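*Asks:* Below is a structure I'd like to ask you about.
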Amino acid sequence: MADNKETPLLSVQNLIIEFATENGVVRATDNISFDIFPNETVGIVGESGCGKTVTGLSILGLIPSPPGRIVGGSIKFMGRELVGLAENEMRKIRGCRISMIFQEPMTALNPVFTVGNQMTDVLMRHHGLTRRQARDSAIEMLAKVGIPAPAKRIDEYPHQLSGGMRQRVMIAMALSCDPKLLIADEPTTALDVTTQAQVLEQISKLQAEFHMAVVLITHDLGVVAETCRRAIVMYCGRIVENTSIEHLFTNPRHPYAKGLLDSIPQIRSRRLEELPIIPGRVPDLLHLPPGCRFAARCPRADELCNEQIPTLSPAGTHADRVACHHPYAAEPAGPAS
Amino acid sequence: MEILQYSIRKLFSGIPLILGVTFISFVLMVYFGPDKTYELLGKNPTPEEIAEVRVQLGYDQPFVVRYADYLRELATLDFGNSDSTGERVDALLARTIPVSLALTAPGFVLGNVLGILLALFAAYYRSTWVDKTIMASAVIGMSISFLIVIIGFQIIFASSYGLGWFPVRGWSVNSIGDYFSYVAVPTMATVFVALGYNTRFYRSVLVEEMTRDHVRTAKAFGVPPTKLFYKNILKNSLIPIITRIVFSIPLVIISGSLLIESYFGIPGVGKITYDAIVSGDQPVLKAVVGLTAILFVLAQLLTDIMYRAVDPRITLK
Ligand SMILES: Nc1ncnc2c1ncn2[C@@H]1O[C@H](COP(=O)(O)OP(=O)(O)OP(=O)(O)O)[C@@H](O)[C@H]1O
Ligand code: SF4
Ligand SMILES: [Mg+2]
């Protein structure tokens, strides 16, 4: 909370993304704003459909369009505006300055090309290496992410590798061009618990080694607790809380965040595949209430909540931000962390 | 070696298909097809003459024996002589198959190549006016009957009422120039009709591939759109494309285009098949049916081997 003067690596302001669906226009993210600073790991958590993946994709300009489009807001990366950036400029950033890894290691790699073919492509494109150099560099990267016998593995096809290995290949590919920002969209959800831990450890280790910032999208509060320094909690297309890990787990201020944590007693010691269940139903994005989207499930809701959408409290860079008319009180700093 | 073993096994496993197809067709020929006896006899034949012709045609034998003969002919690829003209069936096929091939190949190749190209455009510009225009034209093309296209094109391009650029019908090819002039209108008509179907099919294959996760990954790593198409999408879509193309080859070779050949009066396999059906010329029919079935089995084998080359996940077992 001290480094207020640091400039953010990524700054998202009032981002609005809409999808045209058969039943009407759906606003997948509604005025979301957050900053990511160099070298930090930030978790984005929230229930299914709250807009996590869409947020990640928008940073790389990969919102499937049609049906989706960025309606408003700004995404600045190293001071450069990415919304509306020409495709050919955007392509130089993708996989090079900003990398993204996806949830589905089974399908995210192309089944008809070898691991090496897919990896060298990226290196040749972004770093102008020859095929030979790219291959050596790819083998080196595979070794770094803990793939045994990388010189042999590089000529295998994705289906010859296990899920964990494939996800490592994805990570190796994502890091091969030395990105400043890695967006990891549920990178371990599809893996078994042991592999999950190994892959996360690998990401943390490489994060330090490569000096990059990581945005970790996940359902798993345990993962957030272990790997992140800060967490952004999303609900129904809006950010409801953006706070340090210590505060999130000891002193959550938004009733939704508090609800999540209250329903899991020993969060730090237990891994959760899904977020804990809070009673009530998530409103349909097509029929949102006029006021706070969490009102129907919130123990603190009142008239004001039903009428007016709470906005994220403005804050200095790393300070806690919360979007609630009646947040729980912030405990004075001290024994909390 | 693996491929050879696989091929032999695959060919053996094609035998039931060949047996099934030939058996059903033979039943149809023998019990429901025209009887050639009286056509070959003069007026008021004597019972002896009738019996003699029937022996000649093999009609006197029991069905089982005749079917066994058919299988023997198929195995040796010797189908004897045509009942109608007395010409050897193999000579007949050797004369007509090249004509059909020469007639249908340009339309087949163009129809598929243009179909894939248009589909690439439509898929690349998905949901824009480019896509909508291409797909609307495809539907229009598909909804016009082949016959109307043939007649329309004959009038427009070949008749004296229209442009009169090409011969209306026939096939007297002595030079490459002749070939182009005779093949032009049939090719245009085939392409016109096939293009709609092909474009729609290939577009749906490409669009399905475009929405796959690995394509999103490729984009996320900065692959430019042209490369995305020719490398990441096209190779993955090759399986349905190969299937469609290879399986239409037997039809293109053997039956040619029945409609085209009869409308343009072109002496190809389609024409002789049609004549053989009408007149009940069993030796010719037996050859055409049997060879088509064999070609289908070969096509199946060919696609399997090509799948293996395209998709590393497929093993030949
Ligand atoms: N291709 C699409 N077409 C239409 N709507 C979409 C599309 N992708 C996302 N959306 C909309 O955006 C919302 C957010 O989707 P997103 O994939 O970001 O959710 P998520 O938080 O990543 O969920 P999950 O945890 O299940 O991955 C969805 O509820 C949906 O309404
Ligand atoms: S704004 Fe009101 S309804 Fe919404 S979370 Fe806060 S207290 Fe609950
Ligand atoms: Mg998601």
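By convention in this document, the chains of the structure tokens carry letters A, B, ... by their order, each chain's residues are numbered from 1, and ligands are numbered from 1 in the order they are shown.
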Identify all residues of segment 199-264 of chain A in helix (DSSP H, G or I) (DSSP on the backbone) and supply them as an NGL selection string.

*Replies:* :A and (199-210 or 221-227 or 245-250 or 255-262)

*Asks:* Compile the residues of chain A that lie within 8 Å of chain B, evaluated using only C-alpha atoms, and express the compilation as a ChimeraX atom specification.

*Replies:* /A:60,62,66,88,90-96,99-102,104,107-112,122,157,159,174

*Asks:* Could you write those residues out with N, CA and C atoms, as a short mmCIF file (atom, residue, chain, number, x, y, z; two decimals), in the first residue's frame?

*Replies:*
data_model
loop_
_atom_site.label_atom_id
_atom_site.label_comp_id
_atom_site.auth_asym_id
_atom_site.auth_seq_id
_atom_site.Cartn_x
_atom_site.Cartn_y
_atom_site.Cartn_z
N LEU A 60 -6.08 -8.38 -24.68
CA LEU A 60 -5.34 -8.75 -25.89
C LEU A 60 -6.13 -8.43 -27.17
N LEU A 62 -9.00 -9.69 -28.00
CA LEU A 62 -9.46 -10.97 -28.54
C LEU A 62 -10.93 -11.25 -28.26
N PRO A 66 -18.05 -10.47 -34.47
CA PRO A 66 -19.18 -10.49 -33.59
C PRO A 66 -19.19 -11.77 -32.73
N ASN A 88 -2.61 -4.90 -36.67
CA ASN A 88 -1.21 -5.31 -36.88
C ASN A 88 -0.30 -4.83 -35.75
N MET A 90 -1.51 -4.57 -32.62
CA MET A 90 -1.95 -5.45 -31.54
C MET A 90 -1.23 -6.79 -31.63
N ARG A 91 -1.04 -7.27 -32.85
CA ARG A 91 -0.40 -8.58 -33.03
C ARG A 91 1.03 -8.59 -32.52
N LYS A 92 1.69 -7.42 -32.57
CA LYS A 92 3.06 -7.38 -32.08
C LYS A 92 3.09 -7.50 -30.56
N ILE A 93 1.96 -7.16 -29.94
CA ILE A 93 1.90 -7.23 -28.48
C ILE A 93 1.52 -8.64 -28.03
N ARG A 94 0.63 -9.27 -28.78
CA ARG A 94 0.13 -10.59 -28.41
C ARG A 94 1.23 -11.65 -28.41
N GLY A 95 1.36 -12.32 -27.30
CA GLY A 95 2.33 -13.41 -27.21
C GLY A 95 3.74 -12.89 -27.05
N CYS A 96 3.90 -11.57 -27.04
CA CYS A 96 5.23 -10.99 -26.95
C CYS A 96 5.33 -10.14 -25.70
N SER A 99 1.14 -12.10 -22.73
CA SER A 99 0.81 -13.47 -23.12
C SER A 99 -0.42 -13.94 -22.36
N MET A 100 -1.13 -14.88 -22.95
CA MET A 100 -2.28 -15.40 -22.24
C MET A 100 -2.24 -16.92 -22.30
N ILE A 101 -2.53 -17.57 -21.18
CA ILE A 101 -2.70 -19.01 -21.22
C ILE A 101 -4.11 -19.35 -20.81
N PHE A 102 -4.60 -20.44 -21.38
CA PHE A 102 -6.02 -20.72 -21.27
C PHE A 102 -6.30 -21.92 -20.40
N GLU A 104 -8.12 -24.62 -21.01
CA GLU A 104 -8.28 -25.96 -21.53
C GLU A 104 -7.00 -26.47 -22.16
N THR A 107 -7.41 -28.65 -25.41
CA THR A 107 -7.81 -28.16 -26.73
C THR A 107 -7.10 -26.87 -27.14
N ALA A 108 -6.37 -26.29 -26.19
CA ALA A 108 -5.80 -24.98 -26.50
C ALA A 108 -4.62 -25.05 -27.46
N LEU A 109 -3.99 -26.22 -27.56
CA LEU A 109 -2.90 -26.37 -28.53
C LEU A 109 -3.46 -27.01 -29.79
N ASN A 110 -2.85 -26.68 -30.91
CA ASN A 110 -3.32 -27.23 -32.18
C ASN A 110 -2.92 -28.71 -32.29
N PRO A 111 -3.91 -29.60 -32.46
CA PRO A 111 -3.61 -31.03 -32.42
C PRO A 111 -2.79 -31.54 -33.61
N VAL A 112 -2.75 -30.81 -34.70
CA VAL A 112 -2.07 -31.36 -35.87
C VAL A 112 -0.65 -30.84 -36.09
N VAL A 122 6.09 -18.87 -32.73
CA VAL A 122 5.99 -17.66 -31.91
C VAL A 122 7.33 -16.95 -31.84
N TYR A 157 3.41 -34.53 -30.47
CA TYR A 157 2.16 -33.81 -30.70
C TYR A 157 1.44 -33.64 -29.36
N HIS A 159 -1.36 -34.46 -28.26
CA HIS A 159 -2.09 -35.61 -27.70
C HIS A 159 -1.15 -36.64 -27.06
N ALA A 174 4.05 -19.21 -23.68
CA ALA A 174 3.65 -17.87 -23.25
C ALA A 174 4.84 -17.05 -22.77
#

*Asks:* Give me, as a PyMOL selection string, the set of residues whose atoms come within 9 Å of any atom of ligand 1, counting only C-alpha atoms and all ligand atoms.

*Replies:* chain A and resi 17-22+25-29+45-57+63-68+103+185-186+217-219+234-237+284-286

*Asks:* Those same residues - N, CA and C atoms - I'd like them written as a compact mmCIF listing (two decimals), in the first residue's frame.

*Replies:*
# COMPACT_ATOMS: atom_id res chain seq x y z
N ILE A 17 -17.92 -3.94 -22.01
CA ILE A 17 -17.92 -4.90 -23.12
C ILE A 17 -19.32 -5.47 -23.26
N GLU A 18 -19.83 -5.43 -24.47
CA GLU A 18 -21.18 -5.95 -24.68
C GLU A 18 -21.18 -7.07 -25.71
N PHE A 19 -22.11 -7.99 -25.52
CA PHE A 19 -22.32 -9.06 -26.49
C PHE A 19 -23.73 -8.97 -27.03
N ALA A 20 -23.84 -9.08 -28.34
CA ALA A 20 -25.18 -9.13 -28.93
C ALA A 20 -25.62 -10.58 -28.91
N THR A 21 -26.67 -10.88 -28.17
CA THR A 21 -27.18 -12.25 -28.14
C THR A 21 -28.57 -12.27 -28.75
N GLU A 22 -29.10 -13.48 -28.90
CA GLU A 22 -30.43 -13.59 -29.51
C GLU A 22 -31.49 -12.85 -28.70
N VAL A 25 -28.91 -7.37 -25.92
CA VAL A 25 -27.51 -7.05 -25.68
C VAL A 25 -27.16 -7.31 -24.22
N VAL A 26 -26.06 -8.05 -24.04
CA VAL A 26 -25.63 -8.40 -22.70
C VAL A 26 -24.37 -7.61 -22.39
N ARG A 27 -24.33 -6.99 -21.23
CA ARG A 27 -23.14 -6.24 -20.85
C ARG A 27 -22.28 -7.14 -19.97
N ALA A 28 -21.21 -7.67 -20.56
CA ALA A 28 -20.40 -8.66 -19.84
C ALA A 28 -19.50 -8.01 -18.80
N THR A 29 -18.99 -6.82 -19.12
CA THR A 29 -18.30 -6.06 -18.09
C THR A 29 -18.87 -4.66 -18.13
N VAL A 45 -11.24 -13.08 -9.14
CA VAL A 45 -12.13 -14.17 -8.74
C VAL A 45 -13.58 -13.74 -8.92
N GLY A 46 -14.43 -14.74 -9.01
CA GLY A 46 -15.85 -14.46 -9.17
C GLY A 46 -16.54 -15.67 -9.74
N GLU A 47 -17.86 -15.67 -9.58
CA GLU A 47 -18.63 -16.82 -10.05
C GLU A 47 -18.59 -16.94 -11.56
N SER A 48 -18.98 -18.10 -12.04
CA SER A 48 -19.00 -18.36 -13.46
C SER A 48 -19.88 -17.32 -14.17
N GLY A 49 -19.38 -16.78 -15.26
CA GLY A 49 -20.18 -15.84 -16.04
C GLY A 49 -20.07 -14.40 -15.58
N CYS A 50 -19.23 -14.12 -14.60
CA CYS A 50 -19.17 -12.74 -14.08
C CYS A 50 -18.28 -11.86 -14.96
N GLY A 51 -17.61 -12.44 -15.94
CA GLY A 51 -16.86 -11.61 -16.87
C GLY A 51 -15.35 -11.69 -16.76
N LYS A 52 -14.84 -12.71 -16.11
CA LYS A 52 -13.40 -12.81 -15.91
C LYS A 52 -12.67 -13.05 -17.23
N THR A 53 -13.11 -14.07 -17.96
CA THR A 53 -12.44 -14.40 -19.21
C THR A 53 -12.54 -13.25 -20.21
N VAL A 54 -13.72 -12.68 -20.28
CA VAL A 54 -13.94 -11.56 -21.20
C VAL A 54 -12.97 -10.42 -20.88
N THR A 55 -12.78 -10.16 -19.60
CA THR A 55 -11.84 -9.11 -19.21
C THR A 55 -10.43 -9.45 -19.71
N GLY A 56 -10.03 -10.71 -19.47
CA GLY A 56 -8.70 -11.13 -19.91
C GLY A 56 -8.54 -11.01 -21.42
N LEU A 57 -9.54 -11.49 -22.14
CA LEU A 57 -9.46 -11.46 -23.61
C LEU A 57 -9.42 -10.03 -24.14
N ILE A 63 -11.69 -10.23 -27.91
CA ILE A 63 -13.13 -10.45 -27.73
C ILE A 63 -13.70 -10.94 -29.06
N PRO A 64 -14.35 -12.12 -29.04
CA PRO A 64 -14.89 -12.62 -30.32
C PRO A 64 -15.90 -11.62 -30.88
N SER A 65 -15.61 -11.15 -32.06
CA SER A 65 -16.45 -10.10 -32.62
C SER A 65 -16.75 -10.40 -34.07
N PRO A 66 -18.05 -10.47 -34.47
CA PRO A 66 -19.18 -10.49 -33.59
C PRO A 66 -19.19 -11.77 -32.73
N PRO A 67 -19.94 -11.81 -31.65
CA PRO A 67 -20.99 -10.90 -31.18
C PRO A 67 -20.50 -9.83 -30.20
N GLY A 68 -19.23 -9.89 -29.79
CA GLY A 68 -18.84 -8.97 -28.72
C GLY A 68 -18.19 -7.71 -29.22
N GLN A 103 -7.58 -22.01 -20.09
CA GLN A 103 -8.04 -23.03 -19.17
C GLN A 103 -7.90 -24.45 -19.71
N ASP A 185 -5.77 -17.66 -17.53
CA ASP A 185 -7.20 -17.86 -17.32
C ASP A 185 -7.45 -19.27 -16.81
N GLU A 186 -7.65 -19.41 -15.54
CA GLU A 186 -7.87 -20.69 -14.89
C GLU A 186 -6.88 -21.74 -15.39
N ILE A 217 -6.65 -15.60 -13.27
CA ILE A 217 -8.10 -15.71 -13.20
C ILE A 217 -8.44 -17.08 -12.62
N THR A 218 -9.26 -17.10 -11.61
CA THR A 218 -9.52 -18.41 -10.98
C THR A 218 -10.83 -18.43 -10.20
N HIS A 219 -11.31 -19.63 -9.97
CA HIS A 219 -12.45 -19.85 -9.10
C HIS A 219 -11.99 -20.18 -7.69
N MET A 234 -15.03 -10.01 -8.70
CA MET A 234 -16.03 -9.55 -9.66
C MET A 234 -17.38 -10.18 -9.35
N TYR A 235 -18.41 -9.42 -9.62
CA TYR A 235 -19.76 -9.96 -9.48
C TYR A 235 -20.60 -9.40 -10.61
N CYS A 236 -21.11 -10.29 -11.44
CA CYS A 236 -22.06 -9.86 -12.45
C CYS A 236 -21.56 -8.74 -13.35
N GLY A 237 -20.33 -8.86 -13.79
CA GLY A 237 -19.81 -7.87 -14.72
C GLY A 237 -19.24 -6.61 -14.07
N ASP A 284 -29.72 -12.47 -13.94
CA ASP A 284 -29.47 -12.67 -15.35
C ASP A 284 -28.97 -11.34 -15.95
N LEU A 285 -27.89 -11.42 -16.74
CA LEU A 285 -27.32 -10.19 -17.29
C LEU A 285 -28.30 -9.42 -18.18
N LEU A 286 -29.33 -10.13 -18.65
CA LEU A 286 -30.32 -9.44 -19.48
C LEU A 286 -31.36 -8.71 -18.64

*Asks:* Identify, on the basis of only C-alpha atoms, every residue whose closest approach to Met306 of chain B does not exceed 10 Å; exclude the query and any residue fewer than 6 positions from it along the same chain; express the result as a ChimeraX atom specification.

*Replies:* /B:238-239,242-243,246,300

*Asks:* I want to know what sits within 12 Å of Trp165 of chain B, based on only C-alpha atoms, with residues of the same chain fewer than 3 positions away left out; could you give that as a PDB file with C-alpha atoms, in the first residue's frame?

*Replies:*
ATOM      1  CA  PHE B 153     -26.392 -21.907 -70.291  1.00  0.00           C
ATOM      2  CA  GLN B 154     -26.890 -23.690 -73.593  1.00  0.00           C
ATOM      3  CA  ILE B 155     -29.081 -20.844 -74.744  1.00  0.00           C
ATOM      4  CA  ILE B 156     -26.873 -18.086 -73.387  1.00  0.00           C
ATOM      5  CA  PHE B 157     -23.469 -19.371 -74.381  1.00  0.00           C
ATOM      6  CA  ALA B 158     -24.041 -21.800 -77.181  1.00  0.00           C
ATOM      7  CA  SER B 159     -27.175 -21.049 -79.161  1.00  0.00           C
ATOM      8  CA  SER B 160     -27.553 -18.599 -81.999  1.00  0.00           C
ATOM      9  CA  TYR B 161     -30.071 -16.701 -79.838  1.00  0.00           C
ATOM     10  CA  GLY B 162     -27.340 -16.014 -77.308  1.00  0.00           C
ATOM     11  CA  VAL B 168     -24.641 -26.580 -78.315  1.00  0.00           C
ATOM     12  CA  PHE B 180     -12.184 -26.536 -74.515  1.00  0.00           C
ATOM     13  CA  SER B 181     -15.075 -25.544 -76.697  1.00  0.00           C
ATOM     14  CA  TYR B 182     -17.032 -28.730 -75.979  1.00  0.00           C
ATOM     15  CA  ALA B 184     -16.922 -25.165 -71.590  1.00  0.00           C
ATOM     16  CA  VAL B 185     -20.691 -25.076 -71.207  1.00  0.00           C
TER      17      VAL B 185
END

*Asks:* If the limit is 7 Å from any atom of ligand 2, counting only C-alpha atoms and all ligand atoms, which residues qualify? Return them as a list in words.

*Replies:*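 Using only C-alpha atoms and all ligand atoms, everything at most 7 Å from ligand 2 comes to His254, Pro255, Tyr256, Cys292, Arg293, Phe294, Ala295, Cys298, Pro299, Arg300, Ala301, Asp302, Cys305, Asn306, Pro310, Ala323, Cys324, His325, His326 and Pro327 of chain A.
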